[in-house]
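Take a look at the structure below.
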Amino acid sequence: MQRVVILGSTGSLGIQTLEVLEKYKKYFKVIGLSANVNKDILEKQAKRWNVRNFLLASEAGTKGLINLASLKDADIIINVLSGIAGINPSIAALKDGKILLLGNKESLIAEGEKVMKLAGLSLHSATAKSFLVPLDSEHNAIFEILQKFPHKKIERIVLPCSGGPFYGKSATAILKVSVADALNHPRWKMGPKISIESATLINKGLEIIEAHFLFNLPLSKISAIYHPECQIHGAVKFKNEKFLTAYVSNPDMCEHIENALRRAAGLRQKIKNFQKILPSSLTPLSSKTLPGLSLTIKFFKNNPKKMKQFLHREEKIIAKFLANKIKFPEIFKL
């Protein structure tokens with residue numbers, strides 16, 4: 001029986017994690033929960049799962065989250081916090097020897113070297129104990145491909161991108177988009193911050209940086225493709241192979257959460273979703289009218305030690321847009 005703490009349990013990923021855990025009560029016991037401000041849902045979750053250790057981060061602050069991530073009886077910390085609030089809890093969990101299921105990309109973008117050093121493993125090593133398992137659909141897909149084929153050498157990895165709600169629209173059309181338009185993702189149901197990051201393609205830039213740290217690869221070996229169907233979740237081109245090995249399934253985060261939970265518990269994986277695809281069948285992603293990806297990568301290349309400042313500024317700018325204080329194109333300018 002693995003004892004689990006969920007940081008960010010009332011958000012989209014947190015709620016889905018609890019849905020998946022309903023299927024695995026024989027293997028997991030939830031002993032800690034956190035939310036930011038959503039007290040009613042948090043209390044209902046705590047009652048449903050008989051959890052005594054729960055808190056509102058808006059009241060308990062970073063120290064409260066760190067304490068929860070270091071909870072003595074916990075085996076697994078599931079960090080699905082939104083934004084830079086998730087960084088220190090990730091570090092605390094790994095320092096304390098917990099298994100970290102990571103859905104907070106900011107932890108790697110701001111502190112990638114430290115996080116991976118604390119995790120103490122190469123994510124495509126078949127012999128290392130996995131102290132860190134990525135939850136994002138793209139990174140979890142790549143992780144599972146590499147676990148399936150641990151002895152093959154990586155030539156490059158491919159991250160798919162839905163394009164969000166505005167990909168392919170003209171610069172004139174983008175001038176007129178509203179907050180509601182930007183939140184209306186065509187495939188995924190996500191929180192407001194990640195939805196705007198997706199609409200701007202900033203998210204894809206952040207995911208490339210995340211993959212750089214997770215899989216110990218230079219940026220030149222990580223590419224993004226346009227894939228609005230969201231059936232390909234990630235792909236790897238191994239050396240001396242003509243095809244890419246892709247993880248293919250429906251757009252469903254619960255599947256990747258289940259993958260990560262089963263791996264953390266040492267359960268046999270049920271994945272049958274690996275397919276061979278031709279590189280020529282994929283369409284490279286363009287940042288022409290949505291320069292979020294290129295802006296993010298450019299900043300990282302020039303200021304790799306200052307990504308926390310980038311993330312902090314980005315959160316403030318997105319909050320301004322969500323509050324209707326700036327127009328959509330101003331996100332890029334600012």
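If you're wondering about the labels, chains in the structure tokens are A, B, ... by order shown, residues count from 1 in each chain, ligands from 1 in order shown.
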
Excluding Pro251 (chain A) and any residue of its chain fewer than 4 positions from it, enumerate the residues within 9 Å of it, using only C-alpha atoms, and give them as a ChimeraX atom specification. /A:137,187-188,229-233,255

Write out the residues from the selection above, keeping C-alpha atoms, as a short mmCIF file (atom, residue, chain, number, x, y, z; two decimals), in the first residue's frame.
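Final file, part-v9.cif:
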```cif
data_model
loop_
_atom_site.label_atom_id
_atom_site.label_comp_id
_atom_site.auth_asym_id
_atom_site.auth_seq_id
_atom_site.Cartn_x
_atom_site.Cartn_y
_atom_site.Cartn_z
CA SER A 137 1.05 13.50 -21.58
CA ARG A 187 -9.14 19.02 -27.48
CA TRP A 188 -8.09 19.30 -23.83
CA GLU A 229 -5.89 15.32 -33.68
CA CYS A 230 -3.92 14.82 -30.42
CA GLN A 231 -3.60 11.08 -31.09
CA ILE A 232 0.21 11.04 -31.02
CA HIS A 233 1.38 11.89 -27.51
CA GLU A 255 -4.22 7.28 -19.07
#
```

I want to know what sits within 12 Å of Asn36 (chain A), based on only C-alpha atoms, with residues of the same chain fewer than 6 positions away left out; could you give that as number ranges by chain? A: 7-11, 14, 42, 54-62, 64-65, 80-83, 85-86

Please run DSSP on the backbone and report, as a CSV table (one decimal) with N, CA and C atoms, in the first residue's frame, all residues within region 5-155 of chain A that come out as strand (DSSP E).
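Writing done, so here's states_5.csv:
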```
chain,number,residue,atom,x,y,z
A,5,VAL,N,0.3,11.8,-1.4
A,5,VAL,CA,0.0,13.2,-1.2
A,5,VAL,C,-0.2,13.8,-2.6
A,6,ILE,N,-1.3,14.5,-2.8
A,6,ILE,CA,-1.6,15.2,-4.0
A,6,ILE,C,-1.6,16.7,-3.8
A,7,LEU,N,-0.6,17.4,-4.4
A,7,LEU,CA,-0.5,18.8,-4.3
A,7,LEU,C,-1.2,19.4,-5.5
A,28,PHE,N,-3.1,2.1,-3.2
A,28,PHE,CA,-2.8,3.5,-2.8
A,28,PHE,C,-3.7,4.0,-1.8
A,29,LYS,N,-3.2,4.7,-0.8
A,29,LYS,CA,-4.0,5.4,0.2
A,29,LYS,C,-3.6,6.9,0.2
A,30,VAL,N,-4.6,7.7,0.0
A,30,VAL,CA,-4.4,9.2,-0.1
A,30,VAL,C,-4.3,9.7,1.4
A,31,ILE,N,-3.2,10.3,1.7
A,31,ILE,CA,-3.0,10.8,3.1
A,31,ILE,C,-2.8,12.3,3.2
A,32,GLY,N,-2.7,13.0,2.0
A,32,GLY,CA,-2.5,14.4,2.0
A,32,GLY,C,-3.1,15.1,0.8
A,33,LEU,N,-3.7,16.3,0.9
A,33,LEU,CA,-4.3,17.0,-0.2
A,33,LEU,C,-4.0,18.5,0.0
A,34,SER,N,-3.9,19.2,-1.1
A,34,SER,CA,-3.8,20.7,-1.0
A,34,SER,C,-4.6,21.3,-2.2
A,35,ALA,N,-5.1,22.5,-1.9
A,35,ALA,CA,-5.7,23.3,-3.0
A,35,ALA,C,-5.2,24.7,-2.8
A,53,ASN,N,-4.6,15.3,6.6
A,53,ASN,CA,-3.6,16.3,6.3
A,53,ASN,C,-4.0,17.0,5.0
A,54,PHE,N,-4.7,18.2,5.1
A,54,PHE,CA,-5.1,18.9,3.9
A,54,PHE,C,-5.0,20.4,4.3
A,55,LEU,N,-4.7,21.2,3.2
A,55,LEU,CA,-4.5,22.6,3.5
A,55,LEU,C,-4.8,23.5,2.3
A,56,LEU,N,-5.1,24.8,2.5
A,56,LEU,CA,-5.2,25.8,1.4
A,56,LEU,C,-3.9,26.5,1.3
A,76,ILE,N,4.6,8.6,-2.0
A,76,ILE,CA,4.5,9.2,-3.3
A,76,ILE,C,3.9,10.7,-3.2
A,77,ILE,N,4.6,11.6,-3.8
A,77,ILE,CA,4.1,13.0,-3.9
A,77,ILE,C,3.7,13.2,-5.3
A,78,ILE,N,2.4,13.6,-5.5
A,78,ILE,CA,1.9,13.9,-6.9
A,78,ILE,C,1.8,15.4,-6.9
A,79,ASN,N,2.7,16.1,-7.7
A,79,ASN,CA,2.7,17.5,-7.7
A,79,ASN,C,2.1,18.0,-9.0
A,99,ILE,N,9.0,9.3,-3.9
A,99,ILE,CA,8.8,9.2,-5.4
A,99,ILE,C,7.9,10.4,-5.8
A,100,LEU,N,8.4,11.1,-6.8
A,100,LEU,CA,7.7,12.3,-7.3
A,100,LEU,C,7.1,12.0,-8.6
A,101,LEU,N,5.7,12.1,-8.7
A,101,LEU,CA,5.0,12.1,-10.0
A,101,LEU,C,4.8,13.6,-10.3
A,102,LEU,N,5.5,14.1,-11.4
A,102,LEU,CA,5.6,15.5,-11.6
A,102,LEU,C,4.7,16.0,-12.8
A,132,LEU,N,11.5,9.9,-10.0
A,132,LEU,CA,10.7,10.9,-10.7
A,132,LEU,C,10.1,10.3,-11.9
A,133,VAL,N,8.7,10.5,-12.0
A,133,VAL,CA,8.0,10.1,-13.2
A,133,VAL,C,7.2,11.3,-13.8
A,134,PRO,N,7.4,11.7,-15.0
A,134,PRO,CA,6.6,12.8,-15.5
A,134,PRO,C,5.2,12.4,-15.8
A,154,ILE,N,19.0,7.1,-28.5
A,154,ILE,CA,18.1,8.2,-29.0
A,154,ILE,C,18.8,9.0,-30.0
A,155,GLU,N,18.1,9.2,-31.2
A,155,GLU,CA,18.6,10.2,-32.1
A,155,GLU,C,17.9,11.6,-31.9
```

Residues at most 8 Å from Ser178 (chain A), counting only C-alpha atoms, excluding those fewer than 4 positions away in the same chain, as a VMD selection string? chain A and resid 182 327 to 328

From a backbone DSSP assignment, name each residue in region 219-323 of chain A labelled alpha helix (DSSP H), as a ChimeraX atom specification. /A:253-264,292-302,307-322

Distance query Lys242 (chain A) at most 12 Å, only C-alpha atoms, self and fewer than 3 positions along chain excluded, as JSON, numbers by chain: {"A": [155, 236, 237, 238, 239, 245, 276, 277, 278, 279, 280]}

Could you please take those selected residues and save N, CA and C atoms as a PDB file, in the first residue's frame?
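Contents of the output file result39.pdb:
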```pdb
ATOM      1  N   GLU A 155      18.090   9.247 -31.156  1.00  0.00           N
ATOM      2  CA  GLU A 155      18.566  10.220 -32.142  1.00  0.00           C
ATOM      3  C   GLU A 155      17.879  11.568 -31.919  1.00  0.00           C
ATOM      4  N   VAL A 236       9.768   8.937 -30.533  1.00  0.00           N
ATOM      5  CA  VAL A 236      11.232   8.879 -30.425  1.00  0.00           C
ATOM      6  C   VAL A 236      11.794   8.302 -31.713  1.00  0.00           C
ATOM      7  N   LYS A 237      12.811   8.975 -32.258  1.00  0.00           N
ATOM      8  CA  LYS A 237      13.576   8.437 -33.394  1.00  0.00           C
ATOM      9  C   LYS A 237      14.845   7.826 -32.818  1.00  0.00           C
ATOM     10  N   PHE A 238      14.932   6.514 -32.887  1.00  0.00           N
ATOM     11  CA  PHE A 238      16.126   5.829 -32.413  1.00  0.00           C
ATOM     12  C   PHE A 238      17.154   5.742 -33.538  1.00  0.00           C
ATOM     13  N   LYS A 239      18.404   5.660 -33.173  1.00  0.00           N
ATOM     14  CA  LYS A 239      19.480   5.601 -34.161  1.00  0.00           C
ATOM     15  C   LYS A 239      19.364   4.328 -34.992  1.00  0.00           C
ATOM     16  N   THR A 245       9.179   5.674 -33.215  1.00  0.00           N
ATOM     17  CA  THR A 245       8.308   4.918 -32.322  1.00  0.00           C
ATOM     18  C   THR A 245       7.431   5.917 -31.594  1.00  0.00           C
ATOM     19  N   LYS A 276       4.733   2.452 -35.112  1.00  0.00           N
ATOM     20  CA  LYS A 276       5.803   2.969 -35.965  1.00  0.00           C
ATOM     21  C   LYS A 276       5.200   3.968 -36.963  1.00  0.00           C
ATOM     22  N   ILE A 277       5.808   5.155 -37.066  1.00  0.00           N
ATOM     23  CA  ILE A 277       5.326   6.142 -38.031  1.00  0.00           C
ATOM     24  C   ILE A 277       6.503   6.734 -38.805  1.00  0.00           C
ATOM     25  N   LEU A 278       6.237   7.141 -40.034  1.00  0.00           N
ATOM     26  CA  LEU A 278       7.279   7.738 -40.871  1.00  0.00           C
ATOM     27  C   LEU A 278       7.495   9.201 -40.489  1.00  0.00           C
ATOM     28  N   PRO A 279       8.736   9.650 -40.355  1.00  0.00           N
ATOM     29  CA  PRO A 279       8.986  11.068 -40.058  1.00  0.00           C
ATOM     30  C   PRO A 279       8.362  12.009 -41.078  1.00  0.00           C
ATOM     31  N   SER A 280       8.306  11.566 -42.333  1.00  0.00           N
ATOM     32  CA  SER A 280       7.760  12.419 -43.406  1.00  0.00           C
ATOM     33  C   SER A 280       6.266  12.672 -43.255  1.00  0.00           C
TER      34      SER A 280
END
```

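Counting only C-alpha atoms, Leu217 (chain A) has the following residues at most 12 Å away, ignoring those fewer than 3 positions along the same chain: Ser122, Leu123, His124, Lys153, Ile154, Glu155, Arg156, Ile157, Val158, Ile208, Ile209, Glu210, Ala211, His212, Phe213, Leu214, Ser220, Lys221, Ile222 and Ser223 of chain A.
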
When you draw a straight line from CA of Ile109 (chain A) to CA of Asn216 (chain A), how long is it in Å? 13.0 Å
